[in-house]
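J.: Sharing query-v2.txt (compact mmCIF, C-alpha atoms and all ligand atoms) below.
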```
# COMPACT_ATOMS: atom_id res chain seq x y z
CA MET H 1 36.68 68.11 -19.72
CA SER H 2 34.75 70.50 -21.93
CA VAL H 3 34.88 74.25 -21.26
CA HIS H 4 31.17 74.67 -20.50
CA THR H 5 31.06 71.92 -17.85
CA LYS H 6 33.97 73.48 -15.95
CA VAL H 7 32.62 76.99 -15.53
CA LYS H 8 30.40 78.26 -12.72
CA LYS H 9 29.75 81.53 -14.55
CA VAL H 10 29.70 82.07 -18.30
CA THR H 11 31.66 85.12 -19.46
CA THR H 12 32.50 86.47 -22.89
CA HIS H 13 35.90 84.75 -22.50
CA VAL H 14 34.19 81.41 -21.86
CA LEU H 15 32.23 81.80 -25.11
CA SER H 16 35.43 82.53 -26.98
CA ALA H 17 37.07 79.42 -25.46
CA MET H 18 34.01 77.38 -26.45
CA LYS H 19 34.41 78.47 -30.07
CA GLN H 20 38.12 77.61 -29.99
CA SER H 21 37.40 74.12 -28.69
CA ASN H 22 34.49 73.56 -31.07
CA GLU H 23 31.84 73.44 -28.34
CA LYS H 24 28.42 74.66 -29.43
CA ILE H 25 26.85 77.54 -27.52
CA ALA H 26 23.21 77.28 -26.38
CA MET H 27 21.35 80.57 -26.11
CA LEU H 28 17.65 81.22 -25.33
CA THR H 29 15.59 84.29 -24.56
CA SER H 30 13.99 85.03 -21.19
CA TYR H 31 12.05 88.02 -19.97
CA ASP H 32 10.96 87.20 -16.41
CA TYR H 33 12.28 85.79 -13.14
CA SER H 34 10.48 82.43 -13.01
CA LEU H 35 11.31 81.19 -16.51
CA ALA H 36 14.85 82.64 -16.46
CA LYS H 37 15.53 80.57 -13.33
CA ILE H 38 14.51 77.38 -15.15
CA VAL H 39 16.47 78.34 -18.28
CA ASP H 40 19.61 79.07 -16.25
CA LYS H 41 19.36 75.86 -14.19
CA ALA H 42 18.92 73.82 -17.40
CA GLY H 43 22.39 74.84 -18.57
CA VAL H 44 21.80 77.48 -21.21
CA ASP H 45 25.05 79.43 -21.75
CA VAL H 46 23.62 82.79 -22.79
CA ILE H 47 20.25 84.27 -21.81
CA LEU H 48 19.08 86.94 -24.20
CA VAL H 49 16.63 89.48 -22.82
CA GLY H 50 15.46 90.05 -26.36
CA ASP H 51 13.30 92.86 -27.63
CA SER H 52 11.13 89.96 -28.88
CA ALA H 53 9.55 90.67 -25.47
CA ALA H 54 7.56 93.21 -27.50
CA ASN H 55 5.96 90.28 -29.37
CA VAL H 56 5.71 87.46 -26.85
CA MET H 57 5.21 89.42 -23.64
CA CYS H 58 3.32 92.49 -24.89
CA GLY H 59 1.53 91.24 -28.04
CA TYR H 60 2.90 93.84 -30.46
CA ASP H 61 3.26 92.94 -34.17
CA THR H 62 6.87 94.14 -34.30
CA THR H 63 9.72 94.74 -31.84
CA LEU H 64 9.65 98.48 -32.45
CA PRO H 65 7.34 99.71 -29.68
CA ILE H 66 9.21 98.31 -26.66
CA THR H 67 10.99 101.02 -24.66
CA LEU H 68 14.32 101.14 -22.86
CA ASN H 69 12.50 101.35 -19.51
CA GLU H 70 10.55 98.20 -20.38
CA MET H 71 13.75 96.37 -21.40
CA ILE H 72 15.32 97.42 -18.07
CA TYR H 73 12.27 96.01 -16.25
CA HIS H 74 12.58 92.63 -18.02
CA ALA H 75 16.37 92.46 -17.68
CA THR H 76 16.23 93.25 -13.95
CA ALA H 77 13.97 90.25 -13.35
CA VAL H 78 16.23 87.95 -15.42
CA VAL H 79 19.36 89.16 -13.61
CA ARG H 80 17.76 88.31 -10.24
CA ALA H 81 17.09 84.76 -11.43
CA THR H 82 20.39 83.92 -13.09
CA GLU H 83 23.46 82.35 -11.50
CA ARG H 84 25.43 80.82 -14.39
CA ALA H 85 24.45 82.18 -17.81
CA LEU H 86 25.83 85.30 -19.44
CA ILE H 87 22.97 87.81 -19.75
CA VAL H 88 22.78 89.87 -22.93
CA THR H 89 20.06 92.50 -23.29
CA ASP H 90 18.81 94.08 -26.51
CA LEU H 91 19.12 97.82 -26.91
CA PRO H 92 15.60 98.53 -28.18
CA PHE H 93 14.67 100.44 -31.31
CA GLY H 94 15.14 104.19 -30.84
CA SER H 95 17.59 103.89 -27.95
CA TYR H 96 20.80 103.90 -30.05
CA GLN H 97 20.12 104.79 -33.68
CA GLY H 98 19.93 108.59 -33.12
CA ASN H 99 23.55 109.22 -32.23
CA SER H 100 26.44 107.56 -30.42
CA LYS H 101 26.05 109.66 -27.24
CA GLU H 102 22.46 108.49 -26.85
CA ALA H 103 23.61 104.91 -27.56
CA VAL H 104 26.20 105.05 -24.77
CA THR H 105 23.66 106.52 -22.34
CA SER H 106 21.17 103.74 -23.15
CA ALA H 107 23.78 100.98 -22.79
CA ILE H 108 24.97 102.39 -19.47
CA ARG H 109 21.38 102.45 -18.17
CA LEU H 110 20.98 98.76 -19.05
CA MET H 111 24.22 97.88 -17.26
CA LYS H 112 23.65 100.09 -14.19
CA GLU H 113 19.90 99.80 -13.62
CA ALA H 114 19.33 96.20 -14.76
CA GLY H 115 22.75 94.65 -14.16
CA THR H 116 22.94 92.96 -17.56
CA HIS H 117 26.37 91.69 -18.59
CA ALA H 118 26.33 92.85 -22.22
CA VAL H 119 24.13 94.53 -24.82
CA LYS H 120 23.05 93.46 -28.30
CA MET H 121 22.62 95.87 -31.22
CA GLU H 122 21.22 95.37 -34.72
CA GLY H 123 23.19 96.61 -37.74
CA GLY H 124 26.65 96.92 -39.26
CA HIS H 125 28.61 99.92 -40.58
CA GLU H 126 25.70 102.30 -39.97
CA ILE H 127 25.98 101.82 -36.18
CA ALA H 128 29.80 101.44 -36.08
CA GLU H 129 30.40 104.71 -34.22
CA SER H 130 27.89 103.79 -31.50
CA VAL H 131 29.31 100.27 -31.14
CA GLU H 132 32.81 101.72 -30.79
CA ARG H 133 31.79 104.25 -28.13
CA ILE H 134 29.86 101.68 -26.11
CA LEU H 135 32.81 99.28 -26.26
CA SER H 136 35.13 102.10 -25.12
CA THR H 137 33.16 102.36 -21.87
CA GLY H 138 33.87 98.68 -21.14
CA ILE H 139 30.45 97.33 -22.07
CA PRO H 140 30.59 94.11 -24.14
CA VAL H 141 28.57 94.28 -27.37
CA MET H 142 26.99 91.42 -29.33
CA GLY H 143 26.23 92.26 -32.96
CA HIS H 144 23.14 91.16 -34.92
CA LEU H 145 23.02 90.92 -38.73
CA GLY H 146 20.79 89.34 -41.38
CA LEU H 147 17.09 89.68 -40.68
CA THR H 148 17.22 92.46 -38.11
CA PRO H 149 13.62 92.84 -36.89
CA GLN H 150 14.06 96.50 -35.89
CA SER H 151 14.39 97.25 -39.63
CA ILE H 152 11.31 95.28 -40.65
CA HIS H 153 9.63 98.30 -42.25
CA LYS H 154 12.69 98.79 -44.46
CA PHE H 155 12.73 95.09 -45.48
CA GLY H 156 8.93 94.93 -45.84
CA THR H 157 8.95 91.16 -45.22
CA TYR H 158 10.28 88.54 -42.79
CA THR H 159 11.72 86.35 -45.59
CA VAL H 160 15.30 85.04 -45.68
CA ARG H 161 17.94 87.78 -46.06
CA ALA H 162 21.20 87.86 -48.05
CA LYS H 163 20.24 85.29 -50.67
CA GLN H 164 21.69 87.54 -53.36
CA GLU H 165 25.45 87.90 -53.78
CA GLU H 166 25.49 91.66 -53.15
CA GLU H 167 23.65 91.51 -49.81
CA ALA H 168 25.68 88.45 -48.74
CA GLU H 169 28.95 90.30 -49.43
CA LYS H 170 27.75 93.32 -47.49
CA LEU H 171 26.76 91.10 -44.56
CA LEU H 172 30.22 89.48 -44.50
CA GLU H 173 31.87 92.92 -44.58
CA ASP H 174 29.68 94.11 -41.71
CA ALA H 175 30.50 90.97 -39.72
CA ILE H 176 34.23 91.55 -40.18
CA LEU H 177 33.79 95.19 -39.18
CA LEU H 178 31.89 94.29 -35.99
CA GLU H 179 34.64 91.84 -35.02
CA LYS H 180 37.32 94.49 -35.73
CA LEU H 181 35.49 97.03 -33.58
CA GLY H 182 35.60 94.55 -30.69
CA CYS H 183 32.18 92.84 -30.52
CA PHE H 184 32.49 89.60 -28.50
CA ALA H 185 29.92 87.64 -30.54
CA LEU H 186 27.50 87.96 -33.42
CA VAL H 187 23.92 86.82 -33.99
CA LEU H 188 22.97 85.92 -37.57
CA GLU H 189 19.23 85.72 -38.24
CA LYS H 190 17.47 84.00 -41.14
CA ILE H 191 20.17 83.76 -43.80
CA PRO H 192 21.31 80.85 -46.02
CA ALA H 193 23.25 78.14 -44.15
CA SER H 194 26.16 78.49 -46.61
CA LEU H 195 26.56 82.17 -45.66
CA GLY H 196 26.29 81.31 -41.94
CA LYS H 197 29.15 78.86 -42.48
CA LYS H 198 31.29 81.39 -44.35
CA VAL H 199 30.88 84.06 -41.67
CA THR H 200 31.57 81.52 -38.89
CA GLU H 201 34.76 80.32 -40.59
CA THR H 202 35.91 83.88 -41.26
CA LEU H 203 35.39 85.28 -37.75
CA LYS H 204 37.29 84.40 -34.57
CA ILE H 205 34.40 85.54 -32.36
CA PRO H 206 31.46 83.14 -31.76
CA VAL H 207 28.61 83.30 -34.26
CA ILE H 208 25.16 82.36 -32.93
CA GLY H 209 22.46 81.55 -35.45
CA ILE H 210 18.69 81.71 -35.55
CA GLY H 211 17.68 80.31 -38.91
CA ALA H 212 21.32 80.54 -40.05
CA GLY H 213 21.96 76.81 -40.43
CA ALA H 214 23.96 74.19 -38.58
CA TYR H 215 27.52 75.41 -39.24
CA VAL H 216 27.51 78.34 -36.80
CA ASP H 217 29.03 78.24 -33.30
CA GLY H 218 25.73 78.17 -31.44
CA GLN H 219 21.98 78.52 -31.70
CA VAL H 220 19.40 80.87 -30.23
CA LEU H 221 15.62 80.56 -30.15
CA VAL H 222 12.83 82.58 -28.57
CA LEU H 223 11.82 80.65 -25.44
CA HIS H 224 8.06 81.03 -25.91
CA ASP H 225 8.34 79.75 -29.50
CA MET H 226 10.44 76.65 -28.71
CA LEU H 227 8.19 75.77 -25.77
CA GLY H 228 5.08 76.04 -27.94
CA ILE H 229 3.49 78.80 -25.85
CA THR H 230 3.21 80.89 -29.01
CA GLN H 231 1.40 79.10 -31.84
CA GLU H 232 0.97 81.72 -34.55
CA PHE H 233 4.67 81.86 -35.48
CA SER H 234 6.02 78.85 -37.43
CA PRO H 235 9.12 79.59 -39.51
CA ARG H 236 11.10 76.62 -40.90
CA PHE H 237 13.97 77.17 -38.46
CA LEU H 238 11.78 76.83 -35.38
CA ARG H 239 11.86 73.44 -33.63
CA ARG H 240 9.11 73.19 -31.01
CA TYR H 241 10.34 71.16 -28.03
CA HIS H 242 6.97 71.22 -26.30
CA ASN H 243 3.34 72.10 -26.81
CA LEU H 244 2.88 74.18 -23.68
CA ASP H 245 -0.04 76.10 -25.15
CA ALA H 246 -2.16 72.92 -25.07
CA GLU H 247 -0.80 71.82 -21.68
CA ILE H 248 -1.52 75.15 -20.01
CA HIS H 249 -4.93 75.33 -21.68
CA GLY H 250 -5.79 71.84 -20.37
CA ALA H 251 -4.64 72.62 -16.83
CA ILE H 252 -6.69 75.81 -16.71
CA ARG H 253 -9.78 74.03 -18.12
CA ASN H 254 -9.43 71.47 -15.32
CA TYR H 255 -9.17 74.24 -12.72
CA VAL H 256 -12.25 76.05 -14.07
CA SER H 257 -14.19 72.79 -14.08
CA ASP H 258 -13.11 71.93 -10.50
CA VAL H 259 -14.14 75.37 -9.23
CA ARG H 260 -17.53 75.18 -10.98
CA GLN H 261 -18.23 71.71 -9.61
CA SER H 262 -17.00 72.55 -6.10
CA ASN H 263 -14.17 70.02 -6.44
CA PHE H 264 -11.62 72.63 -5.41
CA PRO H 265 -10.61 73.11 -2.66
CA ASN H 266 -10.98 69.67 -1.05
CA GLU H 267 -10.73 68.78 2.70
CA ASN H 268 -6.91 68.88 2.64
CA GLU H 269 -6.71 72.19 0.84
CA GLN H 270 -8.34 74.31 3.51
CA TYR H 271 -7.63 75.49 7.08
O1 LIG W 301 14.86 89.69 -29.62
C1 LIG W 301 15.22 88.53 -29.83
O2 LIG W 301 14.65 87.56 -29.30
C2 LIG W 301 16.33 88.31 -30.75
C3 LIG W 301 16.58 86.90 -31.19
C4 LIG W 301 15.59 86.52 -32.22
C5 LIG W 301 17.96 86.70 -31.65
O3 LIG W 301 16.99 89.22 -31.15
```
Produce structure tokens that represent the structure in this file.
T.:
Amino acid sequence: MSVHTKVKKVTTHVLSAMKQSNEKIAMLTSYDYSLAKIVDKAGVDVILVGDSAANVMCGYDTTLPITLNEMIYHATAVVRATERALIVTDLPFGSYQGNSKEAVTSAIRLMKEAGTHAVKMEGGHEIAESVERILSTGIPVMGHLGLTPQSIHKFGTYTVRAKQEEEAEKLLEDAILLEKLGCFALVLEKIPASLGKKVTETLKIPVIGIGAGAYVDGQVLVLHDMLGITQEFSPRFLRRYHNLDAEIHGAIRNYVSDVRQSNFPNENEQY
């Protein structure tokens, strides 16, 4: 029997066993109780309370404005909804880059106040001290390399990262460093599939891709993008599994029309 069908609760050890037995890991974002409940029941292994909440929940252009308090609010709702999946929550921009003491304080707040199981951080050698200190407190850390949206103003564009040899080498070095420090998994965003493969074959920890090709250990997508609730974002890596924008629009149009024409409520819908 496969590892993921046996477990009642996904842990970092389960993810490691999945990699060892070549079982792909399914990860999706969630930010609220109702959708997280559906995501968890559907068998997703890892729920990411991503700082993409800044985009899809709050309408910001980048992930930079979301605060630690807001991430705690979202994570708390997801934790209440989830029975099986491992919950990983993003440390938001500004909550860990200043210094390692601040990073530990932020990670502890996410664990204590929200009850998340692990934190995710963007970057490699430049955040090594913070990663190390957080890990030393017993908090599991997931790394994130490639297109790291918290650095979007440094990159200046959302195009594919690490296409050039130099950047690809640096990414591989950072990935090895994060594994050495003790990260339990790594997200790779928007990089060539060949580099995704190389990193996945080099590391023992699971590598989860978003736009990193098919040869990684698992995939992650933003829930609102894959359900087609968001329409304005259409990168090549995004497969839309539904067109919920149109479905929700249609349902609401029907409701408005029923109210206007006094078709709602009917005899059976009143006391
Ligand atoms: O915030 C997020 O949703 C993420 C994923 C894109 C990996 O970091």
J.: Determine, for each residue of chain H having at least one atom at most 7 Å from an atom of ligand LIG 301 (chain W), the closest pair of atoms and their separation in Å to one decimal, counting all atoms listed in the file; order by chain and ascending number, as a tab-separated table.
T.:
```
residue	atom	partner	partner_atom	distance
H:Thr29	CA	W:LIG301	O2	5.8
H:Leu48	CA	W:LIG301	O2	6.8
H:Gly50	CA	W:LIG301	O1	3.3
H:Asp51	CA	W:LIG301	O1	4.1
H:Ser52	CA	W:LIG301	O1	3.8
H:Ala53	CA	W:LIG301	O1	6.8
H:Asp90	CA	W:LIG301	O1	6.7
H:Val187	CA	W:LIG301	C5	6.4
H:Glu189	CA	W:LIG301	C5	6.8
H:Ile210	CA	W:LIG301	C5	6.4
H:Val220	CA	W:LIG301	C5	6.2
H:Leu221	CA	W:LIG301	C4	6.3
H:Val222	CA	W:LIG301	O2	5.4
```
J.: Between CA of His117 (chain H) and CA of Thr63 (chain H), what is the distance, to one decimal in Å?
T.: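 Computing it gives 21.5 Å between the two atoms.
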J.: Smallest atom-to-atom distance to Asp217 (chain H): which of H:Asp258, H:Glu173, H:Glu247, H:Glu201, using only C-alpha atoms?
T.: H:Glu201
J.: For Gln231 (chain H), which of H:Val199, H:Val131, H:Val56, H:Leu145 is the closest residue, counting only C-alpha atoms?
T.: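 Answer, going by the shortest atom-to-atom distance: H:Val56.
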J.: I'd like to know which of H:Met27, H:Ala54, H:Ala75, H:Ile208 is closest to Ala42 (chain H), using all atoms listed in the file.
T.: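 Smallest separation from Ala42 (chain H) among the options: H:Met27.
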J.: Of the residues H:Val216, H:Ala77, H:Ile191, H:Ala185, which is the one nearest to Phe237 (chain H), using all atoms listed in the file?
T.: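 Smallest separation from Phe237 (chain H) among the options: H:Ile191.
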J.: So, with only C-alpha atoms as the atoms that count, which of H:Leu181, H:Leu195, H:Cys58, H:Ala107 lies closest to Glu167 (chain H)?
T.: H:Leu195
J.: Which distance in Å separates CA of Thr148 (chain H) and CA of Glu83 (chain H), to one decimal?
T.: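 Interatomic distance, CA of Thr148 (chain H) to CA of Glu83 (chain H): 29.1 Å.
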J.: Expressed in Å to a single decimal, how great is the separation between CA of Lys197 (chain H) and CA of Arg84 (chain H)?
T.: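 Separation between CA of Lys197 (chain H) and CA of Arg84 (chain H): 28.4 Å.
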